$ cat query-v9.pdb   # PDB, C-alpha atoms
ATOM      1  CA  MET A   1      12.641 -13.123  -9.716
ATOM      2  CA  VAL A   2      13.582 -11.571 -13.039
ATOM      3  CA  PHE A   3      11.023 -13.261 -15.263
ATOM      4  CA  HIS A   4       8.046 -13.445 -12.903
ATOM      5  CA  THR A   5       5.860 -11.796 -15.543
ATOM      6  CA  ALA A   6       6.364 -14.895 -17.702
ATOM      7  CA  VAL A   7       4.362 -16.967 -15.204
ATOM      8  CA  PRO A   8       0.882 -17.032 -16.763
ATOM      9  CA  ASN A   9      -2.193 -15.650 -15.044
ATOM     10  CA  THR A  10      -4.587 -17.563 -17.258
ATOM     11  CA  VAL A  11      -4.941 -20.462 -14.815
ATOM     12  CA  GLY A  12      -5.734 -19.559 -11.221
ATOM     13  CA  HIS A  13      -3.898 -16.207 -11.403
ATOM     14  CA  LEU A  14      -0.698 -18.040 -10.450
ATOM     15  CA  GLY A  15       1.418 -15.135 -11.669
ATOM     16  CA  SER A  16      -0.239 -12.720  -9.261
ATOM     17  CA  LEU A  17       0.079 -15.224  -6.431
ATOM     18  CA  LEU A  18       3.818 -15.538  -7.053
ATOM     19  CA  GLU A  19       4.220 -11.756  -7.221
ATOM     20  CA  ALA A  20       2.541 -11.349  -3.831
ATOM     21  CA  PHE A  21       5.597 -12.962  -2.218
ATOM     22  CA  LEU A  22       8.323 -12.144  -4.749
ATOM     23  CA  PRO A  23      11.038 -10.905  -2.312
ATOM     24  CA  TRP A  24      10.782 -14.176  -0.395
ATOM     25  CA  LEU A  25      12.140 -16.095  -3.389
ATOM     26  CA  GLY A  26      15.524 -14.985  -2.074
ATOM     27  CA  LEU A  27      15.173 -17.686   0.594
ATOM     28  CA  ALA A  28      16.143 -20.162  -2.118
ATOM     29  CA  VAL A  29      19.726 -18.896  -1.806
ATOM     30  CA  PRO A  30      20.450 -20.036   1.798
ATOM     31  CA  THR A  31      18.460 -23.211   1.078
ATOM     32  CA  LEU A  32      20.810 -24.030  -1.803
ATOM     33  CA  LEU A  33      23.877 -22.780   0.061
ATOM     34  CA  VAL A  34      23.712 -25.598   2.617
ATOM     35  CA  PRO A  35      24.051 -28.493   0.130
ATOM     36  CA  ALA A  36      26.680 -26.527  -1.789
ATOM     37  CA  LEU A  37      28.782 -26.250   1.360
ATOM     38  CA  LEU A  38      28.188 -29.864   2.314
ATOM     39  CA  ARG A  39      29.336 -30.977  -1.141
ATOM     40  CA  ARG A  40      32.231 -28.496  -1.046
ATOM     41  CA  SER A  41      31.261 -27.480  -4.549
ATOM     42  CA  ALA A  42      33.010 -24.324  -5.733
ATOM     43  CA  THR A  43      30.909 -24.392  -8.912
ATOM     44  CA  ALA A  44      27.662 -24.355  -6.937
ATOM     45  CA  LEU A  45      28.899 -21.512  -4.734
ATOM     46  CA  VAL A  46      29.836 -19.414  -7.754
ATOM     47  CA  ALA A  47      26.485 -20.209  -9.404
ATOM     48  CA  LEU A  48      24.684 -18.917  -6.308
ATOM     49  CA  LEU A  49      26.198 -15.480  -6.896
ATOM     50  CA  LEU A  50      23.711 -14.954  -9.741
ATOM     51  CA  PRO A  51      20.486 -15.166  -7.664
ATOM     52  CA  VAL A  52      22.206 -13.197  -4.895
ATOM     53  CA  ALA A  53      23.045 -10.410  -7.344
ATOM     54  CA  VAL A  54      19.521 -10.441  -8.775
ATOM     55  CA  TRP A  55      17.894 -10.250  -5.352
ATOM     56  CA  ALA A  56      20.238  -7.465  -4.250
ATOM     57  CA  ASP A  57      19.474  -5.472  -7.389
ATOM     58  CA  LEU A  58      15.694  -5.874  -7.092
ATOM     59  CA  PHE A  59      15.166  -5.713  -3.344
ATOM     60  CA  GLY A  60      18.445  -4.899  -1.605
ATOM     61  CA  GLY A  61      18.242  -1.114  -1.881
ATOM     62  CA  PRO A  62      16.566  -0.553   1.504
ATOM     63  CA  LEU A  63      19.283  -2.609   3.199
ATOM     64  CA  PHE A  64      22.141  -0.547   1.805
ATOM     65  CA  SER A  65      20.675   2.980   1.856
ATOM     66  CA  GLY A  66      19.526   3.956   5.311
ATOM     67  CA  GLU A  67      19.286   7.688   4.566
ATOM     68  CA  ARG A  68      15.918   9.375   4.316
ATOM     69  CA  GLY A  69      15.578  11.839   1.460
ATOM     70  CA  ALA A  70      14.377  15.406   1.857
ATOM     71  CA  HIS A  71      10.609  15.728   2.080
ATOM     72  CA  ASP A  72       7.832  18.249   2.513
ATOM     73  CA  ILE A  73       5.069  16.219   4.150
ATOM     74  CA  THR A  74       4.483  12.837   5.737
ATOM     75  CA  ALA A  75       1.423  10.690   5.063
ATOM     76  CA  ILE A  76       0.167   7.634   6.927
ATOM     77  CA  GLN A  77      -1.866   4.790   5.476
ATOM     78  CA  HIS A  78      -3.626   2.372   7.808
ATOM     79  CA  ASN A  79      -6.321  -0.269   7.499
ATOM     80  CA  VAL A  80      -7.554   0.055  11.075
ATOM     81  CA  SER A  81      -9.678  -3.156  10.918
ATOM     82  CA  ASP A  82     -13.414  -3.236  11.444
ATOM     83  CA  GLU A  83     -12.731  -5.454  14.484
ATOM     84  CA  ASN A  84     -10.436  -2.935  16.182
ATOM     85  CA  THR A  85     -11.501  -2.611  19.827
ATOM     86  CA  ALA A  86      -9.341   0.444  20.592
ATOM     87  CA  PRO A  87      -9.959   3.138  17.950
ATOM     88  CA  ALA A  88      -8.934   6.005  20.223
ATOM     89  CA  ARG A  89      -5.578   4.403  21.063
ATOM     90  CA  THR A  90      -5.033   3.593  17.392
ATOM     91  CA  ALA A  91      -5.724   7.209  16.435
ATOM     92  CA  GLN A  92      -3.351   8.531  19.095
ATOM     93  CA  ALA A  93      -0.581   6.229  17.885
ATOM     94  CA  LEU A  94      -0.941   7.678  14.394
ATOM     95  CA  VAL A  95      -0.999  11.261  15.689
ATOM     96  CA  ASN A  96       2.228  10.618  17.596
ATOM     97  CA  ALA A  97       4.002   9.932  14.278
ATOM     98  CA  GLY A  98       3.330  13.551  13.254
ATOM     99  CA  PRO A  99       1.975  13.176   9.690
ATOM    100  CA  GLU A 100       0.119  15.838   7.740
ATOM    101  CA  LEU A 101      -2.253  13.302   6.144
ATOM    102  CA  ILE A 102      -3.826  10.163   7.628
ATOM    103  CA  ALA A 103      -5.800   7.739   5.457
ATOM    104  CA  LEU A 104      -7.913   5.064   7.152
ATOM    105  CA  GLU A 105      -9.848   2.062   5.857
ATOM    106  CA  GLU A 106     -12.370  -0.373   7.353
ATOM    107  CA  LEU A 107     -14.079   2.424   9.249
ATOM    108  CA  THR A 108     -17.326   1.277  10.842
ATOM    109  CA  PRO A 109     -20.267   3.613  11.572
ATOM    110  CA  SER A 110     -19.702   3.204  15.309
ATOM    111  CA  ALA A 111     -15.952   3.850  15.095
ATOM    112  CA  VAL A 112     -16.035   6.970  12.896
ATOM    113  CA  PRO A 113     -17.115   9.336  15.742
ATOM    114  CA  LEU A 114     -14.322   7.935  17.933
ATOM    115  CA  TYR A 115     -11.693   8.629  15.278
ATOM    116  CA  GLU A 116     -13.186  12.070  14.645
ATOM    117  CA  ARG A 117     -12.915  13.044  18.310
ATOM    118  CA  ALA A 118      -9.415  11.633  18.722
ATOM    119  CA  LEU A 119      -8.002  13.232  15.575
ATOM    120  CA  ALA A 120      -9.839  16.574  15.558
ATOM    121  CA  PRO A 121      -7.414  18.508  17.808
ATOM    122  CA  VAL A 122      -4.560  18.048  15.312
ATOM    123  CA  TYR A 123      -6.463  17.355  12.085
ATOM    124  CA  PRO A 124      -9.333  19.849  11.759
ATOM    125  CA  TYR A 125     -10.203  18.760   8.215
ATOM    126  CA  HIS A 126     -11.503  15.329   7.321
ATOM    127  CA  ALA A 127     -13.726  13.486   4.867
ATOM    128  CA  VAL A 128     -15.319  10.039   5.042
ATOM    129  CA  GLU A 129     -17.000   8.045   2.276
ATOM    130  CA  GLY A 130     -18.330   4.646   3.227
ATOM    131  CA  THR A 131     -15.545   2.774   5.003
ATOM    132  CA  VAL A 132     -12.601   5.002   3.997
ATOM    133  CA  GLY A 133     -11.569   8.401   5.289
ATOM    134  CA  LEU A 134      -8.884  11.080   5.217
ATOM    135  CA  TRP A 135      -7.746  13.390   8.013
ATOM    136  CA  SER A 136      -5.638  16.424   7.113
ATOM    137  CA  VAL A 137      -3.918  19.470   8.561
ATOM    138  CA  TYR A 138      -4.702  21.183   5.253
ATOM    139  CA  PRO A 139      -8.138  22.397   4.110
ATOM    140  CA  LEU A 140      -9.977  19.936   1.866
ATOM    141  CA  ALA A 141     -12.005  20.767  -1.224
ATOM    142  CA  ASP A 142     -13.967  18.963  -3.931
ATOM    143  CA  VAL A 143     -14.679  15.948  -1.742
ATOM    144  CA  ARG A 144     -16.398  13.158  -3.624
ATOM    145  CA  LEU A 145     -17.007   9.443  -3.720
ATOM    146  CA  LEU A 146     -14.599   7.544  -5.944
ATOM    147  CA  ASP A 147     -16.459   4.777  -7.742
ATOM    148  CA  ILE A 148     -14.178   1.740  -7.871
ATOM    149  CA  LYS A 149     -16.917  -0.814  -7.203
ATOM    150  CA  PRO A 150     -16.836  -3.992  -9.333
ATOM    151  CA  MET A 151     -20.114  -4.548 -11.161
ATOM    152  CA  ALA A 152     -21.073  -7.718  -9.294
ATOM    153  CA  ILE A 153     -20.696  -6.211  -5.808
ATOM    154  CA  ASP A 154     -23.685  -4.731  -3.953
ATOM    155  CA  GLU A 155     -24.462  -1.024  -4.300
ATOM    156  CA  GLY A 156     -23.667  -0.326  -0.644
ATOM    157  CA  TRP A 157     -19.951  -1.023  -1.244
ATOM    158  CA  ARG A 158     -18.176   2.363  -0.887
ATOM    159  CA  ARG A 159     -14.416   2.126  -0.618
ATOM    160  CA  GLY A 160     -13.080   5.075  -2.562
ATOM    161  CA  LEU A 161     -12.599   8.761  -1.769
ATOM    162  CA  ARG A 162     -11.140  11.652  -3.738
ATOM    163  CA  VAL A 163     -10.386  15.065  -2.217
ATOM    164  CA  GLY A 164      -8.310  18.129  -3.026
ATOM    165  CA  ALA A 165      -5.833  19.045  -0.261
ATOM    166  CA  ARG A 166      -4.835  22.723  -0.295
ATOM    167  CA  THR A 167      -1.177  22.486   0.694
ATOM    168  CA  PRO A 168       1.468  25.257   0.702
ATOM    169  CA  TRP A 169       2.732  23.716  -2.553
ATOM    170  CA  GLY A 170      -0.637  24.009  -4.259
ATOM    171  CA  GLU A 171      -3.694  21.812  -4.389
ATOM    172  CA  VAL A 172      -2.999  18.087  -4.448
ATOM    173  CA  ALA A 173      -5.502  15.375  -5.388
ATOM    174  CA  VAL A 174      -5.574  12.794  -2.595
ATOM    175  CA  TYR A 175      -7.153   9.390  -3.191
ATOM    176  CA  VAL A 176      -7.982   6.927  -0.415
ATOM    177  CA  VAL A 177      -8.976   3.433  -1.533
ATOM    178  CA  HIS A 178      -9.582  -0.080  -0.269
ATOM    179  CA  LEU A 179      -9.554  -2.593  -3.108
ATOM    180  CA  PRO A 180     -11.491  -5.880  -2.778
ATOM    181  CA  SER A 181      -9.961  -8.729  -0.847
ATOM    182  CA  VAL A 182      -8.203 -11.653  -2.525
ATOM    183  CA  ARG A 183      -8.365 -15.304  -1.534
ATOM    184  CA  VAL A 184      -6.303 -18.431  -2.176
ATOM    185  CA  ARG A 185      -8.765 -21.174  -3.101
ATOM    186  CA  LEU A 186      -8.518 -24.659  -4.563
ATOM    187  CA  SER A 187      -9.162 -23.086  -7.959
ATOM    188  CA  GLY A 188      -6.195 -20.734  -7.511
ATOM    189  CA  PHE A 189      -5.681 -17.098  -6.556
ATOM    190  CA  ASP A 190      -9.075 -15.367  -6.559
ATOM    191  CA  CYS A 191      -8.344 -11.717  -7.381
ATOM    192  CA  GLY A 192     -10.881 -10.894 -10.105
ATOM    193  CA  TYR A 193     -12.757  -8.250  -8.116
ATOM    194  CA  ARG A 194      -9.480  -6.671  -6.997
ATOM    195  CA  ASP A 195      -8.232  -6.476 -10.579
ATOM    196  CA  GLU A 196     -11.515  -4.969 -11.807
ATOM    197  CA  SER A 197     -11.395  -2.340  -9.074
ATOM    198  CA  ALA A 198      -7.773  -1.548  -9.923
ATOM    199  CA  GLY A 199      -8.812  -0.928 -13.530
ATOM    200  CA  LEU A 200     -11.470   1.561 -12.429
ATOM    201  CA  LEU A 201      -8.986   3.301 -10.149
ATOM    202  CA  GLY A 202      -6.458   3.557 -12.962
ATOM    203  CA  ASP A 203      -9.085   5.181 -15.191
ATOM    204  CA  ALA A 204      -9.925   7.706 -12.466
ATOM    205  CA  ILE A 205      -6.294   8.683 -11.957
ATOM    206  CA  ALA A 206      -5.770   9.018 -15.707
ATOM    207  CA  ALA A 207      -8.703  11.447 -15.833
ATOM    208  CA  GLU A 208      -7.530  13.494 -12.811
ATOM    209  CA  ASP A 209      -7.122  17.180 -13.687
ATOM    210  CA  LEU A 210      -4.696  18.090 -10.914
ATOM    211  CA  GLU A 211      -1.077  17.391 -11.718
ATOM    212  CA  ARG A 212      -0.019  16.191  -8.278
ATOM    213  CA  VAL A 213      -1.672  13.061  -6.879
ATOM    214  CA  ILE A 214      -1.155  11.191  -3.615
ATOM    215  CA  LEU A 215      -2.724   7.728  -3.553
ATOM    216  CA  LEU A 216      -3.105   5.884  -0.259
ATOM    217  CA  GLY A 217      -4.842   2.620   0.459
ATOM    218  CA  ASP A 218      -5.083  -1.060   1.118
ATOM    219  CA  PHE A 219      -4.616  -2.562  -2.341
ATOM    220  CA  ASN A 220      -4.683  -6.225  -1.335
ATOM    221  CA  GLY A 221      -1.671  -6.694  -3.573
ATOM    222  CA  THR A 222       2.016  -5.824  -3.792
ATOM    223  CA  MET A 223       3.445  -3.320  -6.223
ATOM    224  CA  ASP A 224       4.889  -6.247  -8.219
ATOM    225  CA  ASP A 225       1.426  -7.764  -8.725
ATOM    226  CA  ARG A 226       0.422  -7.347 -12.374
ATOM    227  CA  GLY A 227      -3.191  -6.967 -11.286
ATOM    228  CA  LEU A 228      -2.288  -3.466 -10.078
ATOM    229  CA  ALA A 229      -0.669  -2.503 -13.399
ATOM    230  CA  PRO A 230      -3.606  -0.215 -14.394
ATOM    231  CA  VAL A 231      -2.779   1.873 -11.312
ATOM    232  CA  MET A 232       1.003   1.603 -11.334
ATOM    233  CA  SER A 233       1.189   2.758 -14.950
ATOM    234  CA  HIS A 234      -0.082   6.200 -13.905
ATOM    235  CA  MET A 235       2.082   6.644 -10.806
ATOM    236  CA  ASN A 236       5.741   7.367 -10.174
ATOM    237  CA  PRO A 237       7.801   4.267  -9.378
ATOM    238  CA  PRO A 238       7.213   3.776  -5.639
ATOM    239  CA  ALA A 239       9.983   3.457  -3.074
ATOM    240  CA  ARG A 240      11.300  -0.111  -2.750
ATOM    241  CA  ASP A 241      11.486  -0.047   1.051
ATOM    242  CA  PHE A 242      10.196  -3.364   2.396
ATOM    243  CA  ALA A 243       7.764  -1.958   4.992
ATOM    244  CA  PHE A 244       5.812  -5.225   5.092
ATOM    245  CA  SER A 245       2.402  -4.340   6.522
ATOM    246  CA  TRP A 246       0.411  -7.581   6.652
ATOM    247  CA  PRO A 247      -0.334  -9.554   8.732
ATOM    248  CA  ALA A 248       0.603  -7.435  11.735
ATOM    249  CA  VAL A 249       1.575 -10.437  13.870
ATOM    250  CA  PHE A 250       4.217 -11.539  11.329
ATOM    251  CA  PRO A 251       4.376  -9.243   8.288
ATOM    252  CA  ILE A 252       5.255 -11.036   5.066
ATOM    253  CA  SER A 253       3.902  -8.677   2.424
ATOM    254  CA  ARG A 254       3.244  -4.992   1.789
ATOM    255  CA  ILE A 255      -0.306  -4.677   0.514
ATOM    256  CA  ASP A 256      -0.734  -1.146   1.891
ATOM    257  CA  HIS A 257       0.740   1.560  -0.317
ATOM    258  CA  ILE A 258       1.387   5.276  -0.600
ATOM    259  CA  MET A 259       2.085   6.307  -4.187
ATOM    260  CA  THR A 260       2.450   9.628  -5.963
ATOM    261  CA  ARG A 261       2.212  11.323  -9.329
ATOM    262  CA  SER A 262       4.308  14.449 -10.004
ATOM    263  CA  ALA A 263       5.704  14.088  -6.483
ATOM    264  CA  THR A 264       8.265  11.756  -4.931
ATOM    265  CA  VAL A 265       8.050   9.275  -2.079
ATOM    266  CA  THR A 266      11.484   9.521  -0.494
ATOM    267  CA  HIS A 267      11.082   6.962   2.289
ATOM    268  CA  VAL A 268       8.534   4.378   3.458
ATOM    269  CA  ARG A 269       8.448   2.683   6.846
ATOM    270  CA  THR A 270       6.105   0.724   9.080
ATOM    271  CA  LEU A 271       4.868   2.002  12.419
ATOM    272  CA  PRO A 272       4.258  -0.057  15.574
ATOM    273  CA  ALA A 273       1.240  -2.347  15.680
ATOM    274  CA  THR A 274      -2.147  -0.989  16.711
ATOM    275  CA  GLY A 275      -5.378  -2.894  17.277
ATOM    276  CA  SER A 276      -5.478  -3.888  13.593
ATOM    277  CA  ASP A 277      -4.325  -6.910  11.613
ATOM    278  CA  HIS A 278      -2.367  -4.462   9.406
ATOM    279  CA  LEU A 279       0.615  -2.349  10.409
ATOM    280  CA  PRO A 280       0.400   1.370   9.620
ATOM    281  CA  ILE A 281       2.849   2.617   7.008
ATOM    282  CA  ALA A 282       4.249   6.130   6.808
ATOM    283  CA  ALA A 283       5.759   7.786   3.749
ATOM    284  CA  ASP A 284       7.806  10.963   3.422
ATOM    285  CA  ILE A 285       6.809  12.855   0.285
ATOM    286  CA  SER A 286       8.533  15.632  -1.616
ATOM    287  CA  LEU A 287       6.026  17.938  -3.313
ATOM    288  CA  ALA A 288       8.384  20.709  -4.382
ATOM    289  CA  SER A 289       9.015  20.900  -8.133
TER     290      SER A 289
END

$ encode --input "query-v9.pdb" --output "structure tokens"
Amino acid sequence: MVFHTAVPNTVGHLGSLLEAFLPWLGLAVPTLLVPALLRRSATALVALLLPVAVWADLFGGPLFSGERGAHDITAIQHNVSDENTAPARTAQALVNAGPELIALEELTPSAVPLYERALAPVYPYHAVEGTVGLWSVYPLADVRLLDIKPMAIDEGWRRGLRVGARTPWGEVAVYVVHLPSVRVRLSGFDCGYRDESAGLLGDAIAAEDLERVILLGDFNGTMDDRGLAPVMSHMNPPARDFAFSWPAVFPISRIDHIMTRSATVTHVRTLPATGSDHLPIAADISLAS
């Protein structure tokens, strides 16, 4: 858990694969506790305090701090799935959570009008590029495609959006992204496209003129995954709340994220399941200086 970066990525991206499930390494503790108790070994029990302390330090924060910090706005991130058969119900579920910003991925041409109609009464401003979109209670400006397409992928691949949201705290750059999928194959963890896209996204954020940035998306990786380092290096440390978002039927990993620059995510949580294979996540954000 402490030295996961020492696991090399040179063969099969094994380091990234490990980092996708890093909090679950804590399951080694109860697994080792049973034989320690059966052997009545005081030494083994004392030795187990070390991994317990490490896990608590790295991942235990959300379990011991239930308070939500002060915030100015709430944003929702949701991969709605291109196989979602109930877009209108999905949209209403997100509206009921009361956010100011809603970012969606895997939008299909047939589903976009359904989301537009369902969200328009509360969110009069929206922008869609390819399969990603943003709905906002604030006016949007400088809407443009964000090019995070790996070189080897077809030209029709459009999974990035950048807009300026004119909030009461000033204009904020809002990015909505969907990084390429990853696969576990016989050759290892296939994440090359994802890593290339993350590098392009990191470059775009580094070049962003606005001070405040809100980044929402399906990253197909956890915040511990070194493949996302080009992005993470430009963002504030994100909240450690578990908020596992995938797969919806039994969430084991958070690959959906809401991150900020020159702003603070004070709390992250999952919302109830919709018609997607991802759970929506909501984040409270403090924009005040």

$ closest_residue --input "query-v9.pdb" --among "A:Leu14, A:Ala120, A:Val2, A:Met151" --to "Ala56 of chain A" --atoms "all atoms listed in the file"
A:Val2

$ resolve_selection --input "query-v9.pdb" --expression "the PyMOL selection byres ((chain A and resi 208) around 12)" --output "PyMOL selection string"
chain A and resi 146+162-164+172-175+201-207+209-215+234-235+261

$ write_last_selection --input "query-v9.pdb" --atoms "C-alpha atoms" --output "compact mmCIF listing (two decimals), in the frame of the given file"
# COMPACT_ATOMS: atom_id res chain seq x y z
CA LEU A 146 -14.60 7.54 -5.94
CA ARG A 162 -11.14 11.65 -3.74
CA VAL A 163 -10.39 15.06 -2.22
CA GLY A 164 -8.31 18.13 -3.03
CA VAL A 172 -3.00 18.09 -4.45
CA ALA A 173 -5.50 15.38 -5.39
CA VAL A 174 -5.57 12.79 -2.60
CA TYR A 175 -7.15 9.39 -3.19
CA LEU A 201 -8.99 3.30 -10.15
CA GLY A 202 -6.46 3.56 -12.96
CA ASP A 203 -9.09 5.18 -15.19
CA ALA A 204 -9.93 7.71 -12.47
CA ILE A 205 -6.29 8.68 -11.96
CA ALA A 206 -5.77 9.02 -15.71
CA ALA A 207 -8.70 11.45 -15.83
CA ASP A 209 -7.12 17.18 -13.69
CA LEU A 210 -4.70 18.09 -10.91
CA GLU A 211 -1.08 17.39 -11.72
CA ARG A 212 -0.02 16.19 -8.28
CA VAL A 213 -1.67 13.06 -6.88
CA ILE A 214 -1.16 11.19 -3.62
CA LEU A 215 -2.72 7.73 -3.55
CA HIS A 234 -0.08 6.20 -13.90
CA MET A 235 2.08 6.64 -10.81
CA ARG A 261 2.21 11.32 -9.33

$ atom_distance --input "query-v9.pdb" --atom1 "atom CA of Leu22 of chain A" --atom2 "atom CA of Glu105 of chain A"
25.4 Å

$ closest_residue --input "query-v9.pdb" --among "A:Thr31, A:His267, A:Tyr115, A:Ser197" --to "Leu94 of chain A" --atoms "only C-alpha atoms"
A:Tyr115

$ residues_around --input "query-v9.pdb" --residues "segment 77-86 of chain A" --least-positions-apart "5" --cutoff "9 Å" --atoms "only C-alpha atoms" --output "PyMOL selection string"
chain A and resi 91+94+101-108+111+132+176+178+216-218+256-258+274-283

$ residues_around --input "query-v9.pdb" --residues "Pro150 of chain A" --least-positions-apart "3" --cutoff "10 Å" --atoms "all atoms listed in the file" --output "count of residues only"
16

$ resolve_selection --input "query-v9.pdb" --expression "the PyMOL selection byres ((chain A and resi 265) around 6)" --output "number ranges by chain"
A: 264, 266-267, 284-285

$ residues_around --input "query-v9.pdb" --residues "Trp246 of chain A" --least-positions-apart "2" --cutoff "8 Å" --atoms "all atoms listed in the file" --output "MDAnalysis selection string"
chainID A and resid 244 248:255 277:279
